[in-house]
Amino acid sequence: MQNPNYNHLNIEKKIYEYWEKNKFFKPKRSKKKYFSIVIPPPNVTGNLHMGHALNNSLQDLLVRFYRMNGYETLWQPGTDHAGIATQAVVEKKLSEKGISKNQLGRDNFVKEVWKWKEEYGNQILNQLKKLGCSCDWSRNRFTMDENLSKAVIKTFVQLYKKKIIYKDTKLVNWDTKLETAISDLEVEQKEVQSNLYYIKYKIDGENNFLTIATTRPETMLGDTAVAVNPKDERYKNYIGKKIIVPIVERKVKIIADKYVSINQGSGVLKVTPAHDFNDFEIGKRHKLEFINIFEKNGKLNSVAPKELIGVDRFIARNIIVKTLKEKNLLEKIVNIKNALPFGDRSSSIIEPLLTEQWFADAKFLAKKAIEVVKKKKTIFFPNNWSKTYFQWMYNIQPWCISRQLWWGHRIPAWYSKDKKIFVAENEHQANKIAKKYYKKNVELKRDEDVLDTWFSSALWPFATLGWPKKTYELKRFYPTSVLVTGFDIIFFWVARMLMMGNHLIKKEPFSKVYVHALVRDEKGQKMSKSKGNVIDPLDIINKYGADSLRFTLISMAVPGRDIKFSEDRVKGYRNFINKIWNANNFSKLNSCKLSKKFNIKKTKIDVNKWIYFELVKTSNEAKKYISNFRFDEAARVIYQFVWHSYCDWYIEFLKPIFNSNNKKNIKESRNMSSFIQSNILILLHPFIPFFTESLWQDSKFNNYFKIPLMFKNWDIKSQSTFSKSYKKIDWLIDLVTSIRSTKVDLNVSPGSFIDISTDELNSNKISIINDNLDVFKRIGRISDISHSKLNKNGIKIIVGGQTVTLYFDQNLDLNEQKQKISNKVKDLDQKINGINSKLKNKSFLENAPKQIVQKEKKALIEYKIELKKLNSILNSIKN
């Protein structure tokens, strides 16, 4: 006896091992077109989350679709070394044993990180396998691999020689917890409750004070000027005078600068060029002194008064505020809400700090990256993301590429004792350059810093294919076909790949960028540990299977709309898989099997022609939708075909055929049923690969088609002569559907039998009913069909312009039904009028999201169809 439910637990591991054993994921060399895609490399510290599950389900759908359709296909996998995150994880692990990284020293600490990576670094890749990802794992890459490291070093040296990479002392975002510089993109602005302190600064030589408002009173120790707006009448007479900075008693100048807002705070700005990005620019304009007051750990340095040296910045703030109060220099404290910068890794408040760092001239690199998107050599889907991309690229700042870490690509720069810099691909080359410069051997010391993780990630599309070597893979698969990514790393990663690809290889790294949305919880809230609403995809996979999760995420991937993930949706798609499983059991029970002699062109039975026609239509639509990145629509049309056309209707049409004695009809229907089933598996394979592979093997389709499912193309030849049969069966289905819905409208039991009269039908429609009489009577719950009008009250329905009269056995109070339907008509009229007024409103059409407008238009069509049907019933009751 067949199991009524599909059990994924018994199948998925076995199927994946079969794929890997047969090396199905490796590119099969072909003269045809290629399709290549690089995985956004997950951090080695990572675990599979819902964002990964969505991103990789979409990538796998594309890869499987193009692989099935004859493309030489490469999905390049790998992981990112994730400098800050990985170093933090290993430091924490060591601290649990009472060991610090400084005790170990750099080399030994890096060895510990490599040990950790070997033990845990592939965890997320194994989780991606559970999802069904068909990457070519034989080509797995890691950003710290020897070959990728060579590419990184070569890039640095090349860009340094062209003066695109340079060293400079600038204000950077400094993480005092991790003690490293981080980029603007790694800073999160969070709104918090703060205090605004109004501090009195004494005018030198006068008994007057100017009040300055600040949220960071500790930074006053580094003030080197006080600024006012030149147009501010209140302070014009003070410009050029000296003012005394409290506590440090430093005399500084009052300067005029247009940056100062007249209406903000007191209109007087303390200028701390070494600890504020705006003050830094003012300092450069007015040639002010830059005084750094912080150590790299956020404690005050020797510039501070003796009692504050070595004190943490926030403790120092409290001491300074207390001192100001005692000296009567604190006018007031106002409680405010303001945005503070936090490190996205450490959650520590970021301190602007003046340090010497390595930078890349991002403005120069951005020029070509902007041009290729402008010229549509690289296209964003949805297109609105290109606007966001341009907005950022036009305002791009120098990219700080150095990090004060031990784990990562160490910067290939060496220093002589007199601070001369020698940049080379290795120490031997650096020594040669230094010897040539000094005319003798000199001692060199390597730069302690490592490169920003995103520097190596920017080379990912071509470094993973062998660059700088001219490999077959680089020549064949670059540029890649598409990048599938989340919107949150457009600037971190996408833009930088476009910069590096266009500069180093002179080709854009991908022609298309598909940007998917966030996966939220079912209430639309962002998933977070603090909210307790994080859903683990591995739990969902264990419970419902990878296929159910994949189909849920894909079917909900509407462009530009976040996914509200619900476990109920997963249950629904598990039921969908079980529906196909049971349809397969039906086929087995009825001995459905494809015969080598089966010729589709010779199909005779209308319903077999109809289902084939539906299949061709579905296949063509799904192809179009996948090619245009409308994965949700592709899932929808396939789902509709499988659930409704095949399971709900076709199988019902088959039952009387299989129960008949007509051997020819049975044979044809067994073949067609099996053929349709094989093509359902083909259509669904990119979406639900485990289940489809399992049924493909179980149904012996491998033997019939002589090809594994993973390589079976979607080519289904259209049979134009089938269109007449398609229209016939479609009309019959519409008739049954109308009978069922009319029962609902009249509150008649769905299972009750009725009589019908076909006296107003034309001969063509009558012959359709007669040709399919047994099945029509069974699925329509029809007792008797009369070709003349019966002498009792009936309800007329119109189907495809043809009228059929329904007669109900149970006594219907037609007046009561008439009133109920009239009320429904009024309700529909109101809804239609409401939507019409919305669609005539220009403001609604211009401002409402496109999907909302489309939803309203769709509802309008549905309401009008329902209204027409109800009015038809009303008219027949009146008559």
# chains A, B, ... in the order shown; residues from 1 in each chain; ligands from 1
$ residues_around --residues "A:Lys864" --least-positions-apart "4" --cutoff "10 Å" --atoms "only C-alpha atoms" --output "list of chain:residue names"
A:Leu828, A:Asp829, A:Lys831, A:Ile832, A:Ala859, A:Leu860, A:Lys868, A:Lys869, A:Leu870
$ write_last_selection --atoms "all heavy atoms" --output "PDB file, in the first residue's frame"
ATOM      1  N   LEU A 828     -21.541  44.407  -3.673  1.00  0.00           N
ATOM      2  CA  LEU A 828     -20.573  44.418  -4.779  1.00  0.00           C
ATOM      3  C   LEU A 828     -20.572  45.759  -5.498  1.00  0.00           C
ATOM      4  O   LEU A 828     -19.508  46.272  -5.881  1.00  0.00           O
ATOM      5  CB  LEU A 828     -20.889  43.294  -5.777  1.00  0.00           C
ATOM      6  CG  LEU A 828     -20.392  41.893  -5.393  1.00  0.00           C
ATOM      7  CD1 LEU A 828     -20.956  40.856  -6.349  1.00  0.00           C
ATOM      8  CD2 LEU A 828     -18.865  41.819  -5.413  1.00  0.00           C
ATOM      9  N   ASP A 829     -21.753  46.347  -5.683  1.00  0.00           N
ATOM     10  CA  ASP A 829     -21.850  47.672  -6.320  1.00  0.00           C
ATOM     11  C   ASP A 829     -21.033  48.707  -5.541  1.00  0.00           C
ATOM     12  O   ASP A 829     -20.322  49.527  -6.122  1.00  0.00           O
ATOM     13  CB  ASP A 829     -23.319  48.135  -6.396  1.00  0.00           C
ATOM     14  CG  ASP A 829     -24.021  47.567  -7.634  1.00  0.00           C
ATOM     15  OD1 ASP A 829     -23.317  47.339  -8.640  1.00  0.00           O
ATOM     16  OD2 ASP A 829     -25.248  47.356  -7.579  1.00  0.00           O
ATOM     17  N   LYS A 831     -18.476  48.117  -3.519  1.00  0.00           N
ATOM     18  CA  LYS A 831     -17.044  47.808  -3.655  1.00  0.00           C
ATOM     19  C   LYS A 831     -16.511  48.278  -5.008  1.00  0.00           C
ATOM     20  O   LYS A 831     -15.417  48.849  -5.109  1.00  0.00           O
ATOM     21  CB  LYS A 831     -16.803  46.304  -3.492  1.00  0.00           C
ATOM     22  CG  LYS A 831     -16.928  45.829  -2.057  1.00  0.00           C
ATOM     23  CD  LYS A 831     -16.731  44.315  -1.971  1.00  0.00           C
ATOM     24  CE  LYS A 831     -16.810  43.831  -0.526  1.00  0.00           C
ATOM     25  NZ  LYS A 831     -16.721  42.367  -0.418  1.00  0.00           N
ATOM     26  N   ILE A 832     -17.284  48.034  -6.062  1.00  0.00           N
ATOM     27  CA  ILE A 832     -16.876  48.435  -7.421  1.00  0.00           C
ATOM     28  C   ILE A 832     -16.785  49.948  -7.518  1.00  0.00           C
ATOM     29  O   ILE A 832     -15.808  50.490  -8.068  1.00  0.00           O
ATOM     30  CB  ILE A 832     -17.851  47.856  -8.478  1.00  0.00           C
ATOM     31  CG1 ILE A 832     -17.646  46.334  -8.597  1.00  0.00           C
ATOM     32  CG2 ILE A 832     -17.670  48.527  -9.836  1.00  0.00           C
ATOM     33  CD1 ILE A 832     -18.734  45.608  -9.357  1.00  0.00           C
ATOM     34  N   ALA A 859      -9.001  43.068  -8.221  1.00  0.00           N
ATOM     35  CA  ALA A 859     -10.232  42.925  -7.431  1.00  0.00           C
ATOM     36  C   ALA A 859     -11.432  43.447  -8.212  1.00  0.00           C
ATOM     37  O   ALA A 859     -12.513  42.849  -8.191  1.00  0.00           O
ATOM     38  CB  ALA A 859     -10.094  43.666  -6.104  1.00  0.00           C
ATOM     39  N   LEU A 860     -11.229  44.550  -8.949  1.00  0.00           N
ATOM     40  CA  LEU A 860     -12.312  45.153  -9.738  1.00  0.00           C
ATOM     41  C   LEU A 860     -12.829  44.165 -10.787  1.00  0.00           C
ATOM     42  O   LEU A 860     -14.042  43.999 -10.959  1.00  0.00           O
ATOM     43  CB  LEU A 860     -11.822  46.444 -10.408  1.00  0.00           C
ATOM     44  CG  LEU A 860     -12.860  47.218 -11.226  1.00  0.00           C
ATOM     45  CD1 LEU A 860     -13.994  47.720 -10.336  1.00  0.00           C
ATOM     46  CD2 LEU A 860     -12.211  48.394 -11.966  1.00  0.00           C
ATOM     47  N   LYS A 868     -21.921  40.130 -12.452  1.00  0.00           N
ATOM     48  CA  LYS A 868     -22.611  39.675 -13.658  1.00  0.00           C
ATOM     49  C   LYS A 868     -23.316  38.340 -13.392  1.00  0.00           C
ATOM     50  O   LYS A 868     -24.465  38.123 -13.805  1.00  0.00           O
ATOM     51  CB  LYS A 868     -21.595  39.531 -14.799  1.00  0.00           C
ATOM     52  CG  LYS A 868     -22.239  39.247 -16.149  1.00  0.00           C
ATOM     53  CD  LYS A 868     -21.169  39.198 -17.242  1.00  0.00           C
ATOM     54  CE  LYS A 868     -21.803  38.869 -18.595  1.00  0.00           C
ATOM     55  NZ  LYS A 868     -20.796  38.767 -19.668  1.00  0.00           N
ATOM     56  N   LYS A 869     -22.635  37.453 -12.677  1.00  0.00           N
ATOM     57  CA  LYS A 869     -23.195  36.138 -12.383  1.00  0.00           C
ATOM     58  C   LYS A 869     -24.424  36.268 -11.466  1.00  0.00           C
ATOM     59  O   LYS A 869     -25.470  35.656 -11.706  1.00  0.00           O
ATOM     60  CB  LYS A 869     -22.127  35.275 -11.710  1.00  0.00           C
ATOM     61  CG  LYS A 869     -22.539  33.824 -11.529  1.00  0.00           C
ATOM     62  CD  LYS A 869     -21.534  33.048 -10.734  1.00  0.00           C
ATOM     63  CE  LYS A 869     -21.665  33.414  -9.271  1.00  0.00           C
ATOM     64  NZ  LYS A 869     -20.832  32.621  -8.374  1.00  0.00           N
ATOM     65  N   LEU A 870     -24.303  37.104 -10.435  1.00  0.00           N
ATOM     66  CA  LEU A 870     -25.413  37.279  -9.490  1.00  0.00           C
ATOM     67  C   LEU A 870     -26.625  37.935 -10.160  1.00  0.00           C
ATOM     68  O   LEU A 870     -27.766  37.569  -9.895  1.00  0.00           O
ATOM     69  CB  LEU A 870     -24.967  38.095  -8.281  1.00  0.00           C
ATOM     70  CG  LEU A 870     -23.963  37.418  -7.332  1.00  0.00           C
ATOM     71  CD1 LEU A 870     -23.546  38.365  -6.230  1.00  0.00           C
ATOM     72  CD2 LEU A 870     -24.528  36.139  -6.733  1.00  0.00           C
TER      73      LEU A 870
END
$ closest_atom_pairs --of "stretch 370-397 of chain A" --to "stretch 509-530 of chain A" --cutoff "7 Å" --atoms "only C-alpha atoms" --output "JSON lines"
{"residue": "A:Lys377", "atom": "CA", "partner": "A:Ser511", "partner_atom": "CA", "distance": 5.9}
{"residue": "A:Thr378", "atom": "CA", "partner": "A:Ser511", "partner_atom": "CA", "distance": 4.3}
{"residue": "A:Ile379", "atom": "CA", "partner": "A:Lys512", "partner_atom": "CA", "distance": 4.8}
{"residue": "A:Phe380", "atom": "CA", "partner": "A:Val513", "partner_atom": "CA", "distance": 4.8}
{"residue": "A:Phe381", "atom": "CA", "partner": "A:Tyr514", "partner_atom": "CA", "distance": 4.8}
{"residue": "A:Pro382", "atom": "CA", "partner": "A:Val515", "partner_atom": "CA", "distance": 6.7}
$ residues_around --residues "A:Val268" --least-positions-apart "6" --cutoff "8 Å" --atoms "only C-alpha atoms" --output "VMD selection string"
chain A and resid 210 to 213 226 to 229 260 262
$ select_by_dssp --residues "stretch 296-418 of chain A" --states "alpha helix (DSSP H)" --output "PDB file with N, CA, C and O atoms, in the first residue's frame"
ATOM      1  N   ARG A 313      36.120  57.341  28.369  1.00  0.00           N
ATOM      2  CA  ARG A 313      35.488  58.566  27.841  1.00  0.00           C
ATOM      3  C   ARG A 313      34.153  58.889  28.510  1.00  0.00           C
ATOM      4  O   ARG A 313      33.851  60.061  28.750  1.00  0.00           O
ATOM      5  N   PHE A 314      33.351  57.861  28.833  1.00  0.00           N
ATOM      6  CA  PHE A 314      32.027  58.141  29.401  1.00  0.00           C
ATOM      7  C   PHE A 314      32.094  58.442  30.897  1.00  0.00           C
ATOM      8  O   PHE A 314      31.307  59.228  31.410  1.00  0.00           O
ATOM      9  N   ILE A 315      33.075  57.841  31.579  1.00  0.00           N
ATOM     10  CA  ILE A 315      33.303  58.201  32.994  1.00  0.00           C
ATOM     11  C   ILE A 315      33.863  59.615  33.048  1.00  0.00           C
ATOM     12  O   ILE A 315      33.469  60.435  33.898  1.00  0.00           O
ATOM     13  N   ALA A 316      34.772  59.910  32.091  1.00  0.00           N
ATOM     14  CA  ALA A 316      35.354  61.263  32.016  1.00  0.00           C
ATOM     15  C   ALA A 316      34.257  62.302  31.785  1.00  0.00           C
ATOM     16  O   ALA A 316      34.312  63.408  32.350  1.00  0.00           O
ATOM     17  N   ARG A 317      33.268  61.945  30.989  1.00  0.00           N
ATOM     18  CA  ARG A 317      32.149  62.877  30.732  1.00  0.00           C
ATOM     19  C   ARG A 317      31.465  63.267  32.041  1.00  0.00           C
ATOM     20  O   ARG A 317      31.216  64.455  32.290  1.00  0.00           O
ATOM     21  N   ASN A 318      31.185  62.280  32.880  1.00  0.00           N
ATOM     22  CA  ASN A 318      30.512  62.552  34.157  1.00  0.00           C
ATOM     23  C   ASN A 318      31.360  63.429  35.070  1.00  0.00           C
ATOM     24  O   ASN A 318      30.849  64.343  35.734  1.00  0.00           O
ATOM     25  N   ILE A 319      32.665  63.161  35.088  1.00  0.00           N
ATOM     26  CA  ILE A 319      33.579  63.963  35.929  1.00  0.00           C
ATOM     27  C   ILE A 319      33.613  65.404  35.434  1.00  0.00           C
ATOM     28  O   ILE A 319      33.568  66.366  36.224  1.00  0.00           O
ATOM     29  N   ILE A 320      33.700  65.576  34.108  1.00  0.00           N
ATOM     30  CA  ILE A 320      33.757  66.923  33.510  1.00  0.00           C
ATOM     31  C   ILE A 320      32.472  67.696  33.795  1.00  0.00           C
ATOM     32  O   ILE A 320      32.514  68.875  34.157  1.00  0.00           O
ATOM     33  N   VAL A 321      31.322  67.037  33.664  1.00  0.00           N
ATOM     34  CA  VAL A 321      30.036  67.702  33.924  1.00  0.00           C
ATOM     35  C   VAL A 321      29.963  68.145  35.384  1.00  0.00           C
ATOM     36  O   VAL A 321      29.516  69.261  35.695  1.00  0.00           O
ATOM     37  N   LYS A 322      30.445  67.291  36.303  1.00  0.00           N
ATOM     38  CA  LYS A 322      30.460  67.624  37.738  1.00  0.00           C
ATOM     39  C   LYS A 322      31.355  68.845  37.992  1.00  0.00           C
ATOM     40  O   LYS A 322      30.988  69.770  38.728  1.00  0.00           O
ATOM     41  N   THR A 323      32.521  68.854  37.347  1.00  0.00           N
ATOM     42  CA  THR A 323      33.463  69.973  37.507  1.00  0.00           C
ATOM     43  C   THR A 323      32.864  71.269  36.973  1.00  0.00           C
ATOM     44  O   THR A 323      32.999  72.339  37.594  1.00  0.00           O
ATOM     45  N   LEU A 324      32.198  71.187  35.824  1.00  0.00           N
ATOM     46  CA  LEU A 324      31.559  72.373  35.230  1.00  0.00           C
ATOM     47  C   LEU A 324      30.487  72.946  36.158  1.00  0.00           C
ATOM     48  O   LEU A 324      30.342  74.165  36.289  1.00  0.00           O
ATOM     49  N   LYS A 325      29.734  72.047  36.792  1.00  0.00           N
ATOM     50  CA  LYS A 325      28.702  72.495  37.743  1.00  0.00           C
ATOM     51  C   LYS A 325      29.345  73.240  38.909  1.00  0.00           C
ATOM     52  O   LYS A 325      28.877  74.306  39.339  1.00  0.00           O
ATOM     53  N   GLU A 326      30.426  72.640  39.420  1.00  0.00           N
ATOM     54  CA  GLU A 326      31.129  73.256  40.573  1.00  0.00           C
ATOM     55  C   GLU A 326      31.677  74.634  40.229  1.00  0.00           C
ATOM     56  O   GLU A 326      31.717  75.526  41.067  1.00  0.00           O
ATOM     57  N   ALA A 362      38.045  55.943  -3.993  1.00  0.00           N
ATOM     58  CA  ALA A 362      36.772  55.361  -4.432  1.00  0.00           C
ATOM     59  C   ALA A 362      36.109  56.218  -5.503  1.00  0.00           C
ATOM     60  O   ALA A 362      35.411  55.699  -6.382  1.00  0.00           O
ATOM     61  N   LYS A 363      36.325  57.519  -5.456  1.00  0.00           N
ATOM     62  CA  LYS A 363      35.717  58.418  -6.453  1.00  0.00           C
ATOM     63  C   LYS A 363      36.219  58.094  -7.850  1.00  0.00           C
ATOM     64  O   LYS A 363      35.440  58.053  -8.813  1.00  0.00           O
ATOM     65  N   PHE A 364      37.514  57.813  -7.959  1.00  0.00           N
ATOM     66  CA  PHE A 364      38.092  57.446  -9.252  1.00  0.00           C
ATOM     67  C   PHE A 364      37.540  56.094  -9.721  1.00  0.00           C
ATOM     68  O   PHE A 364      37.114  55.933 -10.861  1.00  0.00           O
ATOM     69  N   LEU A 365      37.543  55.110  -8.812  1.00  0.00           N
ATOM     70  CA  LEU A 365      37.070  53.768  -9.168  1.00  0.00           C
ATOM     71  C   LEU A 365      35.578  53.759  -9.505  1.00  0.00           C
ATOM     72  O   LEU A 365      35.106  52.924 -10.270  1.00  0.00           O
ATOM     73  N   ALA A 366      34.845  54.711  -8.921  1.00  0.00           N
ATOM     74  CA  ALA A 366      33.380  54.747  -9.118  1.00  0.00           C
ATOM     75  C   ALA A 366      32.988  55.207 -10.524  1.00  0.00           C
ATOM     76  O   ALA A 366      31.891  54.884 -10.997  1.00  0.00           O
ATOM     77  N   LYS A 367      33.870  55.956 -11.193  1.00  0.00           N
ATOM     78  CA  LYS A 367      33.503  56.543 -12.498  1.00  0.00           C
ATOM     79  C   LYS A 367      33.021  55.484 -13.487  1.00  0.00           C
ATOM     80  O   LYS A 367      31.952  55.594 -14.081  1.00  0.00           O
ATOM     81  N   LYS A 368      33.819  54.451 -13.691  1.00  0.00           N
ATOM     82  CA  LYS A 368      33.465  53.400 -14.654  1.00  0.00           C
ATOM     83  C   LYS A 368      32.277  52.591 -14.147  1.00  0.00           C
ATOM     84  O   LYS A 368      31.406  52.172 -14.918  1.00  0.00           O
ATOM     85  N   ALA A 369      32.237  52.368 -12.822  1.00  0.00           N
ATOM     86  CA  ALA A 369      31.131  51.601 -12.234  1.00  0.00           C
ATOM     87  C   ALA A 369      29.801  52.334 -12.407  1.00  0.00           C
ATOM     88  O   ALA A 369      28.756  51.692 -12.566  1.00  0.00           O
ATOM     89  N   ILE A 370      29.833  53.647 -12.389  1.00  0.00           N
ATOM     90  CA  ILE A 370      28.622  54.445 -12.636  1.00  0.00           C
ATOM     91  C   ILE A 370      28.239  54.338 -14.107  1.00  0.00           C
ATOM     92  O   ILE A 370      27.071  54.133 -14.456  1.00  0.00           O
ATOM     93  N   GLU A 371      29.227  54.432 -14.965  1.00  0.00           N
ATOM     94  CA  GLU A 371      28.998  54.445 -16.419  1.00  0.00           C
ATOM     95  C   GLU A 371      28.331  53.159 -16.906  1.00  0.00           C
ATOM     96  O   GLU A 371      27.393  53.201 -17.707  1.00  0.00           O
ATOM     97  N   VAL A 372      28.791  51.986 -16.401  1.00  0.00           N
ATOM     98  CA  VAL A 372      28.237  50.715 -16.909  1.00  0.00           C
ATOM     99  C   VAL A 372      26.770  50.538 -16.519  1.00  0.00           C
ATOM    100  O   VAL A 372      25.992  49.937 -17.260  1.00  0.00           O
ATOM    101  N   VAL A 373      26.394  51.082 -15.362  1.00  0.00           N
ATOM    102  CA  VAL A 373      24.986  50.994 -14.954  1.00  0.00           C
ATOM    103  C   VAL A 373      24.154  52.004 -15.742  1.00  0.00           C
ATOM    104  O   VAL A 373      23.031  51.712 -16.152  1.00  0.00           O
ATOM    105  N   LYS A 374      24.744  53.184 -15.985  1.00  0.00           N
ATOM    106  CA  LYS A 374      24.054  54.198 -16.800  1.00  0.00           C
ATOM    107  C   LYS A 374      23.780  53.669 -18.201  1.00  0.00           C
ATOM    108  O   LYS A 374      22.703  53.877 -18.771  1.00  0.00           O
ATOM    109  N   ASN A 384      14.412  50.291  -9.480  1.00  0.00           N
ATOM    110  CA  ASN A 384      14.525  51.416  -8.533  1.00  0.00           C
ATOM    111  C   ASN A 384      15.819  51.355  -7.715  1.00  0.00           C
ATOM    112  O   ASN A 384      16.287  52.378  -7.199  1.00  0.00           O
ATOM    113  N   TRP A 385      16.437  50.163  -7.616  1.00  0.00           N
ATOM    114  CA  TRP A 385      17.693  50.066  -6.859  1.00  0.00           C
ATOM    115  C   TRP A 385      18.846  50.779  -7.555  1.00  0.00           C
ATOM    116  O   TRP A 385      19.831  51.132  -6.903  1.00  0.00           O
ATOM    117  N   SER A 386      18.723  51.001  -8.864  1.00  0.00           N
ATOM    118  CA  SER A 386      19.780  51.745  -9.565  1.00  0.00           C
ATOM    119  C   SER A 386      19.835  53.194  -9.060  1.00  0.00           C
ATOM    120  O   SER A 386      20.903  53.787  -8.969  1.00  0.00           O
ATOM    121  N   LYS A 387      18.664  53.745  -8.709  1.00  0.00           N
ATOM    122  CA  LYS A 387      18.640  55.124  -8.167  1.00  0.00           C
ATOM    123  C   LYS A 387      19.397  55.190  -6.851  1.00  0.00           C
ATOM    124  O   LYS A 387      20.175  56.112  -6.598  1.00  0.00           O
ATOM    125  N   THR A 388      19.167  54.195  -6.002  1.00  0.00           N
ATOM    126  CA  THR A 388      19.866  54.133  -4.713  1.00  0.00           C
ATOM    127  C   THR A 388      21.367  53.983  -4.943  1.00  0.00           C
ATOM    128  O   THR A 388      22.177  54.617  -4.262  1.00  0.00           O
ATOM    129  N   TYR A 389      21.707  53.158  -5.909  1.00  0.00           N
ATOM    130  CA  TYR A 389      23.121  52.925  -6.259  1.00  0.00           C
ATOM    131  C   TYR A 389      23.788  54.226  -6.706  1.00  0.00           C
ATOM    132  O   TYR A 389      24.855  54.596  -6.216  1.00  0.00           O
ATOM    133  N   PHE A 390      23.144  54.935  -7.635  1.00  0.00           N
ATOM    134  CA  PHE A 390      23.705  56.198  -8.138  1.00  0.00           C
ATOM    135  C   PHE A 390      23.853  57.223  -7.012  1.00  0.00           C
ATOM    136  O   PHE A 390      24.858  57.927  -6.928  1.00  0.00           O
ATOM    137  N   GLN A 391      22.848  57.311  -6.173  1.00  0.00           N
ATOM    138  CA  GLN A 391      22.858  58.289  -5.081  1.00  0.00           C
ATOM    139  C   GLN A 391      24.097  58.094  -4.205  1.00  0.00           C
ATOM    140  O   GLN A 391      24.754  59.063  -3.812  1.00  0.00           O
ATOM    141  N   TRP A 392      24.407  56.861  -3.924  1.00  0.00           N
ATOM    142  CA  TRP A 392      25.572  56.581  -3.091  1.00  0.00           C
ATOM    143  C   TRP A 392      26.875  56.798  -3.854  1.00  0.00           C
ATOM    144  O   TRP A 392      27.813  57.387  -3.337  1.00  0.00           O
ATOM    145  N   MET A 393      26.901  56.332  -5.107  1.00  0.00           N
ATOM    146  CA  MET A 393      28.137  56.418  -5.894  1.00  0.00           C
ATOM    147  C   MET A 393      28.541  57.856  -6.195  1.00  0.00           C
ATOM    148  O   MET A 393      29.726  58.192  -6.220  1.00  0.00           O
ATOM    149  N   TYR A 394      27.564  58.731  -6.438  1.00  0.00           N
ATOM    150  CA  TYR A 394      27.881  60.139  -6.728  1.00  0.00           C
ATOM    151  C   TYR A 394      28.422  60.867  -5.499  1.00  0.00           C
ATOM    152  O   TYR A 394      29.084  61.897  -5.623  1.00  0.00           O
TER     153      TYR A 394
END
$ residues_around --residues "stretch 852-857 of chain A" --least-positions-apart "3" --cutoff "9 Å" --atoms "only C-alpha atoms" --output "ChimeraX atom specification"
/A:835-836,838-839,844-845,848-849,860-862
$ residues_around --residues "A:Lys743" --least-positions-apart "2" --cutoff "12 Å" --atoms "only C-alpha atoms" --output "list in words"
Val736, Thr737, Ser738, Ile739, Arg740, Ser741, Asp745, Leu746, Asn747, Val748, Ser749, Pro750, Gly751, Ser752, Phe753, Ile754, Gly780, Arg781, Ile795, Ile797, Leu806, Tyr807, Phe808, Gln810, Leu812, Gln817, Leu870 and Ile873 of chain A
$ closest_residue --among "A:Leu553, A:Arg446, A:Lys604, A:Gln397" --to "A:Trp414" --atoms "only C-alpha atoms"
A:Arg446
$ atom_distance --atom1 "atom CA of A:Lys332" --atom2 "atom CA of A:Gly265"
12.0 Å
$ residues_around --residues "A:Lys623" --least-positions-apart "6" --cutoff "12 Å" --atoms "only C-alpha atoms" --output "ChimeraX atom specification"
/A:61-62,65-66,68-69,616-617,629-631,633-635,637-638,682-684,686,713-716
$ decode --residues "stretch 64-70 of chain A" --atoms "N, CA, C and O atoms" --output "mmCIF file, in the first residue's frame"
data_model
loop_
_atom_site.group_PDB
_atom_site.id
_atom_site.type_symbol
_atom_site.label_atom_id
_atom_site.label_comp_id
_atom_site.auth_asym_id
_atom_site.auth_seq_id
_atom_site.Cartn_x
_atom_site.Cartn_y
_atom_site.Cartn_z
ATOM 1 N N ARG A 64 19.534 25.641 -11.677
ATOM 2 C CA ARG A 64 18.904 24.397 -12.126
ATOM 3 C C ARG A 64 18.118 24.613 -13.426
ATOM 4 O O ARG A 64 18.130 23.768 -14.324
ATOM 5 N N PHE A 65 17.436 25.749 -13.526
ATOM 6 C CA PHE A 65 16.657 26.054 -14.732
ATOM 7 C C PHE A 65 17.565 26.112 -15.963
ATOM 8 O O PHE A 65 17.286 25.493 -16.996
ATOM 9 N N TYR A 66 18.667 26.850 -15.867
ATOM 10 C CA TYR A 66 19.559 26.992 -17.027
ATOM 11 C C TYR A 66 20.343 25.702 -17.293
ATOM 12 O O TYR A 66 20.614 25.365 -18.448
ATOM 13 N N ARG A 67 20.685 24.976 -16.241
ATOM 14 C CA ARG A 67 21.375 23.689 -16.427
ATOM 15 C C ARG A 67 20.475 22.712 -17.182
ATOM 16 O O ARG A 67 20.913 22.007 -18.090
ATOM 17 N N MET A 68 19.183 22.698 -16.809
ATOM 18 C CA MET A 68 18.222 21.797 -17.473
ATOM 19 C C MET A 68 18.040 22.164 -18.943
ATOM 20 O O MET A 68 17.744 21.303 -19.767
ATOM 21 N N ASN A 69 18.233 23.445 -19.247
ATOM 22 C CA ASN A 69 17.970 23.898 -20.612
ATOM 23 C C ASN A 69 19.223 24.033 -21.467
ATOM 24 O O ASN A 69 19.282 24.835 -22.401
ATOM 25 N N GLY A 70 20.240 23.217 -21.115
ATOM 26 C CA GLY A 70 21.385 23.030 -22.004
ATOM 27 C C GLY A 70 22.517 24.021 -21.860
ATOM 28 O O GLY A 70 23.469 23.981 -22.635
#
